[in-house]
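As provided, final.pdb (PDB, C-alpha atoms and all ligand atoms) reads as follows.
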ATOM      1  CA  MET A  55     157.480 104.767  30.117
ATOM      2  CA  SER A  56     155.228 102.252  28.398
ATOM      3  CA  GLU A  57     151.450 102.327  28.227
ATOM      4  CA  TYR A  58     149.457  99.214  29.043
ATOM      5  CA  ILE A  59     146.965  97.842  31.560
ATOM      6  CA  SER A  60     148.523  97.029  34.918
ATOM      7  CA  CYS A  61     148.290  98.022  38.593
ATOM      8  CA  ASP A  62     150.500  99.746  41.165
ATOM      9  CA  TRP A  63     151.195  96.422  42.876
ATOM     10  CA  ILE A  64     152.255  94.486  39.798
ATOM     11  CA  GLU A  65     154.571  97.335  38.876
ATOM     12  CA  GLY A  66     155.982  98.421  42.222
ATOM     13  CA  GLY A  67     154.298  96.595  45.074
ATOM     14  CA  MET A  68     155.244  94.148  47.814
ATOM     15  CA  ASP A  69     153.248  92.662  50.663
ATOM     16  CA  PHE A  70     155.238  91.343  53.625
ATOM     17  CA  ASP A  71     152.814  88.779  54.967
ATOM     18  CA  VAL A  72     153.412  87.083  58.328
ATOM     19  CA  GLY A  73     150.775  84.871  59.908
ATOM     20  CA  VAL A  74     149.810  81.520  61.321
ATOM     21  CA  PHE A  75     149.995  79.965  57.860
ATOM     22  CA  GLY A  76     153.573  81.058  57.245
ATOM     23  CA  SER A  77     155.583  84.029  56.165
ATOM     24  CA  ASN A  78     155.743  85.075  52.530
ATOM     25  CA  ILE A  79     156.226  88.039  50.246
ATOM     26  CA  MET A  80     153.159  88.538  48.083
ATOM     27  CA  MET A  81     152.449  90.924  45.216
ATOM     28  CA  CYS A  82     149.546  92.620  47.011
ATOM     29  CA  CYS A  83     147.057  91.979  49.794
ATOM     30  CA  TYR A  84     143.904  92.166  47.686
ATOM     31  CA  VAL A  85     142.444  88.708  48.267
ATOM     32  CA  SER A  86     138.915  89.686  47.154
ATOM     33  CA  CYS A  87     139.991  89.921  43.500
ATOM     34  CA  PRO A  88     137.684  87.704  41.372
ATOM     35  CA  GLY A  89     140.827  86.097  39.896
ATOM     36  CA  GLY A  90     141.987  85.121  43.368
ATOM     37  CA  GLY A  91     144.903  87.522  43.923
ATOM     38  CA  ASN A  92     147.512  86.041  46.281
ATOM     39  CA  ILE A  93     150.433  86.106  43.862
ATOM     40  CA  MET A  94     153.475  84.723  45.619
ATOM     41  CA  LEU A  95     156.812  86.502  45.142
ATOM     42  CA  LYS A  96     158.800  84.668  47.810
ATOM     43  CA  ARG A  97     157.660  81.725  49.883
ATOM     44  CA  GLY A  98     158.957  81.150  53.426
ATOM     45  CA  PHE A  99     160.531  84.596  53.844
ATOM     46  CA  ASP A 100     162.250  85.054  57.216
ATOM     47  CA  GLY A 101     163.843  88.489  56.856
ATOM     48  CA  SER A 102     167.076  87.170  55.294
ATOM     49  CA  PRO A 103     168.648  89.158  52.433
ATOM     50  CA  ILE A 104     166.529  89.011  49.287
ATOM     51  CA  ASP A 105     167.949  87.640  46.043
ATOM     52  CA  TRP A 106     166.976  90.651  43.943
ATOM     53  CA  ASP A 107     167.878  89.087  40.569
ATOM     54  CA  GLU A 108     165.436  86.287  41.256
ATOM     55  CA  PHE A 109     162.851  88.763  42.597
ATOM     56  CA  TRP A 110     162.970  91.036  39.518
ATOM     57  CA  ARG A 111     162.862  88.014  37.176
ATOM     58  CA  LEU A 112     159.567  87.028  38.744
ATOM     59  CA  LYS A 113     158.211  90.591  38.671
ATOM     60  CA  LYS A 114     159.231  90.841  34.993
ATOM     61  CA  HIS A 115     157.399  87.633  34.217
ATOM     62  CA  TYR A 116     154.158  89.144  35.542
ATOM     63  CA  LYS A 117     154.754  92.589  34.022
ATOM     64  CA  ASP A 118     155.413  90.998  30.629
ATOM     65  CA  ILE A 119     152.038  89.256  30.733
ATOM     66  CA  GLN A 120     150.354  92.645  31.229
ATOM     67  CA  LYS A 121     152.539  94.296  28.553
ATOM     68  CA  SER A 122     151.504  91.618  26.060
ATOM     69  CA  GLY A 123     147.853  92.627  26.485
ATOM     70  CA  GLU A 124     146.960  89.467  28.408
ATOM     71  CA  THR A 125     145.945  89.511  32.097
ATOM     72  CA  ILE A 126     147.637  87.594  34.889
ATOM     73  CA  LYS A 127     145.186  84.827  35.796
ATOM     74  CA  GLU A 128     145.061  85.782  39.497
ATOM     75  CA  CYS A 129     144.355  89.424  38.557
ATOM     76  CA  THR A 130     141.329  88.701  36.358
ATOM     77  CA  ASP A 131     138.693  91.444  36.694
ATOM     78  CA  CYS A 132     140.584  93.188  39.499
ATOM     79  CA  VAL A 133     139.241  96.678  40.206
ATOM     80  CA  PHE A 134     142.790  97.991  40.543
ATOM     81  CA  LEU A 135     143.792  97.264  36.939
ATOM     82  CA  ARG A 136     144.018 100.407  34.817
ATOM     83  CA  LYS A 137     145.549 101.644  31.604
ATOM     84  CA  ASP A 138     148.444 103.938  32.404
ATOM     85  CA  LYS A 139     152.012 104.818  31.541
ATOM     86  CA  TRP A 140     154.321 102.658  33.658
ATOM     87  CA  ARG A 141     158.022 103.137  34.366
ATOM     88  CA  ASP A 142     160.405 100.862  32.423
ATOM     89  CA  LYS A 143     162.502 100.038  35.476
ATOM     90  CA  ASN A 144     162.623  97.887  38.558
ATOM     91  CA  TYR A 145     161.321  99.666  41.638
ATOM     92  CA  ILE A 146     159.178  99.254  44.732
ATOM     93  CA  ASP A 147     157.136 102.227  45.873
ATOM     94  CA  SER A 148     154.184 100.542  47.593
ATOM     95  CA  ILE A 149     154.414  98.198  50.556
ATOM     96  CA  ILE A 150     151.915  96.543  52.864
ATOM     97  CA  PHE A 151     153.085  95.127  56.184
ATOM     98  CA  ASP A 152     150.611  92.340  56.833
ATOM     99  CA  HIS A 153     151.530  90.960  60.202
ATOM    100  CA  PHE A 154     148.664  88.721  61.206
ATOM    101  CA  THR A 155     150.150  88.462  64.646
ATOM    102  CA  LYS A 156     149.754  90.400  67.861
ATOM    103  CA  CYS A 157     146.786  92.537  68.788
ATOM    104  CA  ASN A 158     145.730  94.075  72.083
ATOM    105  CA  CYS A 159     142.022  93.733  71.223
ATOM    106  CA  ASP A 160     139.881  90.668  70.760
ATOM    107  CA  CYS A 161     137.082  91.878  68.477
ATOM    108  CA  VAL A 162     134.136  89.518  68.180
ATOM    109  CA  TYR A 163     134.176  89.884  64.385
ATOM    110  CA  CYS A 164     137.903  89.274  63.903
ATOM    111  CA  TYR A 165     139.104  85.994  62.408
ATOM    112  CA  THR A 166     141.645  85.871  65.260
ATOM    113  CA  HIS A 167     138.790  85.653  67.792
ATOM    114  CA  GLU A 168     138.537  81.877  67.329
ATOM    115  CA  ASP A 169     142.012  81.375  68.804
ATOM    116  CA  LYS A 170     143.516  84.585  70.112
ATOM    117  CA  LYS A 171     146.371  82.814  71.881
ATOM    118  CA  LYS A 172     147.528  81.157  68.681
ATOM    119  CA  TYR A 173     147.477  84.397  66.677
ATOM    120  CA  ASN A 174     149.157  86.386  69.450
ATOM    121  CA  SER A 175     152.024  83.895  69.648
ATOM    122  CA  VAL A 176     153.116  84.023  65.997
ATOM    123  CA  GLN A 177     156.782  84.938  65.766
ATOM    124  CA  GLY A 178     157.575  87.328  62.964
ATOM    125  CA  TYR A 179     160.885  88.885  61.922
ATOM    126  CA  ASN A 180     162.085  92.474  61.942
ATOM    127  CA  VAL A 181     161.369  94.033  58.588
ATOM    128  CA  LEU A 182     163.290  97.278  59.252
ATOM    129  CA  PRO A 183     166.716  95.866  58.191
ATOM    130  CA  VAL A 184     165.131  94.721  54.907
ATOM    131  CA  ILE A 185     163.551  98.145  54.380
ATOM    132  CA  LYS A 186     166.820  99.961  55.130
ATOM    133  CA  ASP A 187     168.661  97.748  52.664
ATOM    134  CA  MET A 188     166.018  98.453  49.999
ATOM    135  CA  VAL A 189     166.154 102.228  50.554
ATOM    136  CA  GLU A 190     169.965 102.282  50.526
ATOM    137  CA  ARG A 191     170.033 100.364  47.242
ATOM    138  CA  GLY A 192     167.475 102.743  45.696
ATOM    139  CA  ILE A 193     165.003  99.889  45.287
ATOM    140  CA  PHE A 194     162.330 101.285  47.622
ATOM    141  CA  ILE A 195     161.442 104.833  46.625
ATOM    142  CA  PRO A 196     158.802 107.301  47.893
ATOM    143  CA  GLY A 197     155.728 108.033  45.823
ATOM    144  CA  GLY A 198     153.463 105.060  46.435
ATOM    145  CA  GLN A 199     151.388 103.899  49.360
ATOM    146  CA  ILE A 200     152.481 102.235  52.579
ATOM    147  CA  GLY A 201     150.025 100.400  54.787
ATOM    148  CA  PHE A 202     149.506  97.837  57.511
ATOM    149  CA  GLY A 203     147.126  94.929  57.792
ATOM    150  CA  GLY A 204     146.427  92.100  60.180
ATOM    151  CA  GLY A 205     147.188  92.713  63.838
ATOM    152  CA  GLU A 206     147.894  95.888  65.769
ATOM    153  CA  PRO A 207     150.924  97.708  64.252
ATOM    154  CA  THR A 208     151.881  99.568  67.456
ATOM    155  CA  MET A 209     152.493  96.219  69.174
ATOM    156  CA  LEU A 210     155.354  95.414  66.803
ATOM    157  CA  GLU A 211     158.629  95.940  68.663
ATOM    158  CA  GLU A 212     160.146  97.784  65.706
ATOM    159  CA  PHE A 213     157.073  99.923  64.959
ATOM    160  CA  GLU A 214     158.326 103.286  66.237
ATOM    161  CA  ASP A 215     161.767 102.838  64.618
ATOM    162  CA  LEU A 216     160.275 101.644  61.344
ATOM    163  CA  ILE A 217     157.922 104.610  61.012
ATOM    164  CA  HIS A 218     160.590 107.124  62.078
ATOM    165  CA  TYR A 219     162.858 105.688  59.388
ATOM    166  CA  LEU A 220     160.157 105.951  56.720
ATOM    167  CA  LEU A 221     159.254 109.534  57.697
ATOM    168  CA  ASP A 222     162.923 110.540  57.737
ATOM    169  CA  ASN A 223     163.415 109.096  54.251
ATOM    170  CA  GLY A 224     160.659 110.947  52.455
ATOM    171  CA  PHE A 225     157.804 108.441  52.628
ATOM    172  CA  ASP A 226     154.703 110.561  53.058
ATOM    173  CA  ASN A 227     151.682 108.365  52.363
ATOM    174  CA  ILE A 228     151.462 105.955  55.286
ATOM    175  CA  SER A 229     148.110 104.479  56.366
ATOM    176  CA  ILE A 230     147.921 103.011  59.846
ATOM    177  CA  PRO A 231     144.858 101.185  61.120
ATOM    178  CA  THR A 232     145.155 101.019  64.898
ATOM    179  CA  SER A 233     143.149  99.841  67.871
ATOM    180  CA  ALA A 234     144.457 103.053  69.559
ATOM    181  CA  VAL A 235     144.668 101.185  72.855
ATOM    182  CA  LYS A 236     148.369 102.025  72.838
ATOM    183  CA  TYR A 237     149.432 105.617  72.167
ATOM    184  CA  SER A 238     152.162 106.003  69.566
ATOM    185  CA  PRO A 239     154.391 109.119  69.544
ATOM    186  CA  VAL A 240     155.463 108.436  65.961
ATOM    187  CA  ILE A 241     151.850 108.286  64.748
ATOM    188  CA  GLU A 242     151.302 111.695  66.326
ATOM    189  CA  LYS A 243     154.475 112.982  64.661
ATOM    190  CA  GLY A 244     153.444 111.639  61.219
ATOM    191  CA  VAL A 245     149.912 113.012  61.531
ATOM    192  CA  SER A 246     151.282 116.441  62.494
ATOM    193  CA  GLN A 247     153.387 116.360  59.304
ATOM    194  CA  GLY A 248     150.466 115.266  57.115
ATOM    195  CA  LYS A 249     152.298 112.057  56.218
ATOM    196  CA  ILE A 250     150.285 109.524  58.229
ATOM    197  CA  HIS A 251     146.583 108.720  57.983
ATOM    198  CA  VAL A 252     145.400 106.946  61.120
ATOM    199  CA  LYS A 253     142.157 104.999  61.331
ATOM    200  CA  ASN A 254     140.493 103.559  64.416
ATOM    201  CA  SER A 255     137.440 101.348  64.404
ATOM    202  CA  ILE A 256     135.861 102.114  67.762
ATOM    203  CA  ASP A 257     132.455 100.584  66.876
ATOM    204  CA  SER A 258     130.813 102.002  69.990
ATOM    205  CA  GLY A 259     129.814 105.108  71.876
ATOM    206  CA  CYS A 260     130.371 103.929  75.457
ATOM    207  CA  ARG A 261     132.590 101.734  77.626
ATOM    208  CA  GLU A 262     130.148  98.852  77.967
ATOM    209  CA  THR A 263     129.552  98.337  74.243
ATOM    210  CA  PHE A 264     133.245  98.777  73.507
ATOM    211  CA  ALA A 265     134.146  96.107  76.056
ATOM    212  CA  MET A 266     131.538  93.726  74.689
ATOM    213  CA  ILE A 267     132.842  94.022  71.116
ATOM    214  CA  LYS A 268     136.570  94.444  71.747
ATOM    215  CA  GLY A 269     137.043  92.215  74.757
ATOM    216  CA  LEU A 270     138.653  94.850  76.994
ATOM    217  CA  ASP A 271     137.721  97.934  78.965
ATOM    218  CA  ALA A 272     139.606 100.611  77.026
ATOM    219  CA  PHE A 273     137.007 102.953  75.523
ATOM    220  CA  ASP A 274     138.271 105.992  77.460
ATOM    221  CA  THR A 275     141.902 105.256  76.545
ATOM    222  CA  VAL A 276     141.061 104.929  72.858
ATOM    223  CA  VAL A 277     139.089 108.183  72.899
ATOM    224  CA  LYS A 278     141.972 109.947  74.671
ATOM    225  CA  ASN A 279     144.553 108.683  72.156
ATOM    226  CA  MET A 280     142.437 109.533  69.121
ATOM    227  CA  LYS A 281     141.916 113.008  70.572
ATOM    228  CA  ARG A 282     145.697 113.470  70.742
ATOM    229  CA  TYR A 283     146.081 112.432  67.095
ATOM    230  CA  ALA A 284     143.148 114.605  65.991
ATOM    231  CA  SER A 285     144.570 117.629  67.821
ATOM    232  CA  VAL A 286     147.647 117.723  65.545
ATOM    233  CA  LYS A 287     146.104 116.823  62.179
ATOM    234  CA  ILE A 288     146.598 119.247  59.334
ATOM    235  CA  ASP A 289     144.107 117.548  57.042
ATOM    236  CA  ASP A 290     140.637 116.254  57.964
ATOM    237  CA  CYS A 291     141.197 112.956  56.170
ATOM    238  CA  ASP A 292     144.256 112.090  58.284
ATOM    239  CA  VAL A 293     142.348 110.972  61.405
ATOM    240  CA  ILE A 294     139.401 108.652  60.853
ATOM    241  CA  SER A 295     136.957 107.106  63.274
ATOM    242  CA  LYS A 296     135.071 104.098  61.997
ATOM    243  CA  TYR A 297     131.921 102.363  63.179
ATOM    244  CA  ILE A 298     131.443  98.791  62.046
ATOM    245  CA  ILE A 299     127.796  97.928  62.587
ATOM    246  CA  CYS A 300     127.762  94.542  64.307
ATOM    247  CA  PRO A 301     124.138  93.352  64.513
ATOM    248  CA  GLY A 302     123.302  92.234  68.034
ATOM    249  CA  TYR A 303     126.050  94.366  69.574
ATOM    250  CA  ASN A 304     125.887  98.014  68.489
ATOM    251  CA  ASP A 305     122.976  98.299  66.030
ATOM    252  CA  ARG A 306     121.182 101.056  67.949
ATOM    253  CA  LYS A 307     120.704 104.704  67.032
ATOM    254  CA  SER A 308     121.353 105.705  70.664
ATOM    255  CA  GLU A 309     124.804 104.049  70.496
ATOM    256  CA  ILE A 310     125.547 105.636  67.129
ATOM    257  CA  ASP A 311     124.542 109.071  68.463
ATOM    258  CA  LYS A 312     126.999 108.691  71.329
ATOM    259  CA  TRP A 313     129.765 107.709  68.892
ATOM    260  CA  LEU A 314     129.075 110.687  66.610
ATOM    261  CA  ASP A 315     129.008 113.067  69.595
ATOM    262  CA  THR A 316     132.287 111.660  70.906
ATOM    263  CA  CYS A 317     133.971 112.111  67.512
ATOM    264  CA  LYS A 318     132.765 115.715  67.368
ATOM    265  CA  LYS A 319     133.935 116.399  70.908
ATOM    266  CA  ILE A 320     137.479 115.149  70.260
ATOM    267  CA  GLY A 321     137.982 116.984  66.973
ATOM    268  CA  ILE A 322     137.585 114.182  64.429
ATOM    269  CA  GLU A 323     136.215 115.371  61.093
ATOM    270  CA  TYR A 324     136.134 112.077  59.204
ATOM    271  CA  ALA A 325     133.597 109.425  60.199
ATOM    272  CA  GLU A 326     133.307 106.142  58.344
ATOM    273  CA  VAL A 327     130.645 103.458  58.504
ATOM    274  CA  SER A 328     130.938  99.788  57.688
ATOM    275  CA  VAL A 329     128.957  96.619  58.308
ATOM    276  CA  GLU A 330     130.423  93.484  59.812
ATOM    277  CA  ASN A 331     131.613  91.402  56.882
ATOM    278  CA  ILE A 332     130.374  87.915  57.726
ATOM    279  CA  TRP A 333     126.921  89.196  58.685
ATOM    280  CA  LEU A 334     126.784  91.229  55.484
ATOM    281  CA  ARG A 335     127.731  88.242  53.338
ATOM    282  CA  ASN A 336     124.916  86.204  54.882
ATOM    283  CA  HIS A 337     122.347  88.997  54.574
ATOM    284  CA  ARG A 338     123.364  90.569  51.289
ATOM    285  CA  HIS A 339     120.021  89.944  49.639
ATOM    286  CA  GLU A 340     117.514  89.782  52.453
ATOM    287  CA  GLY A 341     116.830  90.676  56.075
ATOM    288  CA  ASN A 342     119.141  93.662  56.030
ATOM    289  CA  GLU A 343     116.637  96.554  56.013
ATOM    290  CA  GLU A 344     117.326  97.656  59.586
ATOM    291  CA  VAL A 345     121.063  97.680  59.030
ATOM    292  CA  ILE A 346     120.670  99.609  55.778
ATOM    293  CA  GLU A 347     118.544 102.114  57.715
ATOM    294  CA  LEU A 348     121.339 102.540  60.242
ATOM    295  CA  VAL A 349     123.926 103.066  57.501
ATOM    296  CA  LYS A 350     121.720 105.769  55.995
ATOM    297  CA  TYR A 351     121.204 107.277  59.455
ATOM    298  CA  ILE A 352     124.964 107.567  59.979
ATOM    299  CA  LEU A 353     125.551 108.986  56.511
ATOM    300  CA  ASP A 354     122.781 111.568  56.981
ATOM    301  CA  LYS A 355     123.513 112.628  60.531
ATOM    302  CA  GLY A 356     127.290 112.270  60.219
ATOM    303  CA  GLY A 357     127.172 114.137  56.911
ATOM    304  CA  SER A 358     125.686 117.137  58.681
ATOM    305  CA  MET A 359     128.183 116.978  61.566
ATOM    306  CA  PHE A 360     131.511 116.253  59.868
ATOM    307  CA  ASN A 361     133.440 117.462  56.848
ATOM    308  CA  ILE A 362     133.713 113.856  55.646
ATOM    309  CA  CYS A 363     131.309 110.997  56.365
ATOM    310  CA  LYS A 364     131.499 107.943  54.141
ATOM    311  CA  GLY A 365     130.602 104.302  53.912
ATOM    312  CA  GLU A 366     133.208 101.705  53.053
ATOM    313  CA  ASN A 367     133.072 100.580  49.436
ATOM    314  CA  HIS A 368     131.244  97.310  50.024
ATOM    315  CA  VAL A 369     128.630  99.126  52.126
ATOM    316  CA  MET A 370     128.061 101.721  49.425
ATOM    317  CA  GLN A 371     127.665  98.899  46.900
ATOM    318  CA  LEU A 372     124.990  97.420  49.147
ATOM    319  CA  LEU A 373     123.208 100.768  49.309
ATOM    320  CA  ALA A 374     123.476 101.231  45.554
ATOM    321  CA  GLY A 375     121.459  98.051  45.162
ATOM    322  CA  VAL A 376     118.660  99.397  47.356
ATOM    323  CA  LYS A 377     115.714 101.056  45.667
ATOM    324  CA  GLU A 378     114.694 104.351  47.254
TER     325      GLU A 378
HETATM  326  S1  LIG A 401     145.638  93.495  39.771
HETATM  327 FE1  LIG A 401     144.645  93.236  41.765
HETATM  328  S2  LIG A 401     145.107  91.137  42.407
HETATM  329 FE2  LIG A 401     146.544  91.692  40.762
HETATM  330  S3  LIG A 401     148.351  92.486  41.826
HETATM  331 FE3  LIG A 401     147.050  94.235  41.319
HETATM  332  S4  LIG A 401     145.793  94.562  43.164
HETATM  333 FE4  LIG A 401     146.666  92.498  43.294
HETATM  334  S1  LIG A 402     141.709  95.426  66.316
HETATM  335 FE1  LIG A 402     141.762  94.473  64.272
HETATM  336  S2  LIG A 402     143.316  92.837  64.398
HETATM  337 FE2  LIG A 402     142.777  93.437  66.511
HETATM  338  S3  LIG A 402     141.199  91.967  67.134
HETATM  339 FE3  LIG A 402     140.170  93.814  66.322
HETATM  340  S4  LIG A 402     139.809  93.390  64.125
HETATM  341 FE4  LIG A 402     141.343  91.886  64.887
END
Can you give me the file's structure in the form of structure tokens?
Ligand code: SF4
Ligand code: SF4
Amino acid sequence: MSEYISCDWIEGGMDFDVGVFGSNIMMCCYVSCPGGGNIMLKRGFDGSPIDWDEFWRLKKHYKDIQKSGETIKECTDCVFLRKDKWRDKNYIDSIIFDHFTKCNCDCVYCYTHEDKKKYNSVQGYNVLPVIKDMVERGIFIPGGQIGFGGGEPTMLEEFEDLIHYLLDNGFDNISIPTSAVKYSPVIEKGVSQGKIHVKNSIDSGCRETFAMIKGLDAFDTVVKNMKRYASVKIDDCDVISKYIICPGYNDRKSEIDKWLDTCKKIGIEYAEVSVENIWLRNHRHEGNEEVIELVKYILDKGGSMFNICKGENHVMQLLAGVKE
């Protein structure tokens, strides 16, 4: 082990990124890093066997910068950098599957909303053969974090097989954001084992608002599926319901009350609040009092109803800047 400043992704991370702008392997998915993030490990990846010598050479190049006491330019001021003791070996223990492809929702705030057809027609590759190869070679080891980003994971053809394989091979920290329009047996299995954390952003408390924001009439289905997941959870933080405040769509206390009541009724004990990103960026410094009030309302009321009720980091930062 050697002690220096680095992060889990520089040391043992990979981001399989598939989208309309191409398919690459990145170091991480943290694009909000002040330094820019987006460190490329393999451009134009199509699922073919990876040249591991070349891959580790590149990883070593970045690790050596951190070991020398310098900081990788793209990682400047990243919140994930920390001083720690890091393993002196090549390994991957954290992976993000960023498939900016299919989704069965059409949220008004999603970047895919501008051209849903285009995003839904992106052809990816099956990542499971790559993962199996990595596990068999001892390259991919349990201990880190596994997550998904982009589209709807349950719509990937290989989703059930991929998650079964990970669960069967000791990976026990898997985060799955899902629209919950489609029920997934393997999510239920992972939640019941305490190995999967599932998060659904329902953003509404009734069918009409759901349909207006998500572009389909599936509120009851989503509630039913989340209830199934919540019924098998062994830890409160494993099933999360989130409410993204979208001004003009769901910024009403009556809607929020219905959402909180629904969560309670179906056994969810973790409620999370966020604010729609683009709106927040445009109103960071002014005109946001009503939205801040709603965030506080959720944190207060939700805090008294659930074991966990939190705001997403950027929302809490906004609140921290507000004088009482
Ligand atoms: S320091 Fe930040 S930007 Fe750099 S690899 Fe780690 S998470 Fe990504
Ligand atoms: S569920 Fe997620 S990926 Fe799908 S449209 Fe909504 S925000 Fe986009």
Discussion item. Please identify all protein, DNA and RNA residues within 6 Å of ligand LIG 402 (chain A), counting all atoms listed in the file, and report them as a PyMOL selection string.
Written reply: chain A and resi 157+159-161+164+204-206+233
Practice prompt. Pull the neighbourhood of (136.0, 89.5, 41.9) for me: all residues within 10 Å in file coordinates, counting all atoms listed in the file, as number ranges by chain.
Written response: A: 85-91, 129-133
Item to complete: For the structure shown, which residues end up in the PyMOL selection byres (((chain A and resi 280) around 8) and not hetatm)? Put them as a ChimeraX atom specification, please?
Response: /A:234,254,276-279,281-284,293,320
Tell me, as a short mmCIF file (atom, residue, chain, number, x, y, z; two decimals) with C-alpha atoms, in the frame of the given file, which residues lie within 7 Å of Asp69 (chain A), counting all atoms listed in the file; anything in the same chain fewer than 5 positions away does not count.
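Writing done, so here's result-v3.cif:
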data_model
loop_
_atom_site.label_atom_id
_atom_site.label_comp_id
_atom_site.auth_asym_id
_atom_site.auth_seq_id
_atom_site.Cartn_x
_atom_site.Cartn_y
_atom_site.Cartn_z
CA ILE A 79 156.23 88.04 50.25
CA MET A 80 153.16 88.54 48.08
CA MET A 81 152.45 90.92 45.22
CA CYS A 82 149.55 92.62 47.01
CA CYS A 83 147.06 91.98 49.79
CA ILE A 149 154.41 98.20 50.56
CA ILE A 150 151.92 96.54 52.86
CA PHE A 151 153.08 95.13 56.18
CA ASP A 152 150.61 92.34 56.83
#
Item to complete: Compile the contact shell of region 75-78 of chain A as a ChimeraX atom specification: residues with an atom at most 12 Å away, counting all atoms listed in the file, same-chain residues fewer than 6 positions apart removed.
Response: /A:68-69,92-102,104,151-155,172-173,176-179,181
Selection to disk with C-alpha atoms, as an mmCIF file, in the coordinates of the input:
data_model
loop_
_atom_site.group_PDB
_atom_site.id
_atom_site.type_symbol
_atom_site.label_atom_id
_atom_site.label_comp_id
_atom_site.auth_asym_id
_atom_site.auth_seq_id
_atom_site.Cartn_x
_atom_site.Cartn_y
_atom_site.Cartn_z
ATOM 1 C CA MET A 68 155.244 94.148 47.814
ATOM 2 C CA ASP A 69 153.248 92.662 50.663
ATOM 3 C CA ASN A 92 147.512 86.041 46.281
ATOM 4 C CA ILE A 93 150.433 86.106 43.862
ATOM 5 C CA MET A 94 153.475 84.723 45.619
ATOM 6 C CA LEU A 95 156.812 86.502 45.142
ATOM 7 C CA LYS A 96 158.800 84.668 47.810
ATOM 8 C CA ARG A 97 157.660 81.725 49.883
ATOM 9 C CA GLY A 98 158.957 81.150 53.426
ATOM 10 C CA PHE A 99 160.531 84.596 53.844
ATOM 11 C CA ASP A 100 162.250 85.054 57.216
ATOM 12 C CA GLY A 101 163.843 88.489 56.856
ATOM 13 C CA SER A 102 167.076 87.170 55.294
ATOM 14 C CA ILE A 104 166.529 89.011 49.287
ATOM 15 C CA PHE A 151 153.085 95.127 56.184
ATOM 16 C CA ASP A 152 150.611 92.340 56.833
ATOM 17 C CA HIS A 153 151.530 90.960 60.202
ATOM 18 C CA PHE A 154 148.664 88.721 61.206
ATOM 19 C CA THR A 155 150.150 88.462 64.646
ATOM 20 C CA LYS A 172 147.528 81.157 68.681
ATOM 21 C CA TYR A 173 147.477 84.397 66.677
ATOM 22 C CA VAL A 176 153.116 84.023 65.997
ATOM 23 C CA GLN A 177 156.782 84.938 65.766
ATOM 24 C CA GLY A 178 157.575 87.328 62.964
ATOM 25 C CA TYR A 179 160.885 88.885 61.922
ATOM 26 C CA VAL A 181 161.369 94.033 58.588
#
Find the smallest box with edges along x, y and z containing every listed atom of ligand LIG 401 (chain A), then add 3 Å on each side and report centre and edge lengths in Å to one decimal, as JSON.
{"center_x": 146.5, "center_y": 92.8, "center_z": 41.5, "size_x": 9.7, "size_y": 9.4, "size_z": 9.5}
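Taken over the shown file, the PyMOL selection byres (((chain A and resi 227) around 8) and not hetatm) identifies Gly197, Gly198, Gln199, Ile200, Phe225, Asp226, Ile228, Ser229, Lys249, Ile250 and His251 of chain A.
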Practice prompt. Might you spell out which residues the PyMOL selection byres (((chain A and resi 328) around 10) and not hetatm) would select in the displayed file, as a PyMOL selection string?
Written response: chain A and resi 255+257+296-300+326-327+329-331+334+349+364-370
Those selected residues, please, written with C-alpha atoms and delivered as a short mmCIF file (atom, residue, chain, number, x, y, z; two decimals), in the coordinates of the input.
data_model
loop_
_atom_site.label_atom_id
_atom_site.label_comp_id
_atom_site.auth_asym_id
_atom_site.auth_seq_id
_atom_site.Cartn_x
_atom_site.Cartn_y
_atom_site.Cartn_z
CA SER A 255 137.44 101.35 64.40
CA ASP A 257 132.46 100.58 66.88
CA LYS A 296 135.07 104.10 62.00
CA TYR A 297 131.92 102.36 63.18
CA ILE A 298 131.44 98.79 62.05
CA ILE A 299 127.80 97.93 62.59
CA CYS A 300 127.76 94.54 64.31
CA GLU A 326 133.31 106.14 58.34
CA VAL A 327 130.65 103.46 58.50
CA VAL A 329 128.96 96.62 58.31
CA GLU A 330 130.42 93.48 59.81
CA ASN A 331 131.61 91.40 56.88
CA LEU A 334 126.78 91.23 55.48
CA VAL A 349 123.93 103.07 57.50
CA LYS A 364 131.50 107.94 54.14
CA GLY A 365 130.60 104.30 53.91
CA GLU A 366 133.21 101.70 53.05
CA ASN A 367 133.07 100.58 49.44
CA HIS A 368 131.24 97.31 50.02
CA VAL A 369 128.63 99.13 52.13
CA MET A 370 128.06 101.72 49.42
#
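Interatomic distance, CA of Ser60 (chain A) to CA of Ala374 (chain A): 27.5 Å.
Checking A:Lys143, A:Lys156, A:Arg136, A:Lys121 one by one against ligand LIG 401 (chain A), counting only C-alpha atoms and all ligand atoms, you find the shortest gap at A:Arg136.
Closest approach to ligand LIG 401 (chain A) from the set A:Lys186, A:His115, A:Lys127, A:Lys268 is made by A:Lys127, with distances taken over all atoms listed in the file.
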Practice prompt. Find, counting all atoms listed in the file, the residue in A:Gly203, A:Gly259, A:Pro231, A:Gly66 that gets nearest to ligand LIG 401 (chain A).
Written response: A:Gly66
Discussion item. Which residue is closest to ligand LIG 401 (chain A)? Choose from A:Ile64, A:Cys291, A:Ile362, A:Ile241 and count all atoms listed in the file.
Written reply: A:Ile64
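Between Arg338 (chain A) and the residues A:Val240, A:Leu372, A:Tyr116, A:Ile322, the shortest atom-to-atom distance, using all atoms listed in the file, involves A:Leu372.
With all atoms listed in the file as the basis for measurement, A:Cys260 is the residue among A:Val286, A:Asp274, A:Val162, A:Cys260 that approaches Ser308 (chain A) most closely.
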Discussion item. Excluding Glu344 (chain A) and its own-chain neighbours fewer than 3 positions away, which residues fall within 12 Å of it when counting only C-alpha atoms? Please give them as a VMD selection string.
Written reply: chain A and resid 299 to 302 305 to 307 329 337 340 to 341 347 to 351
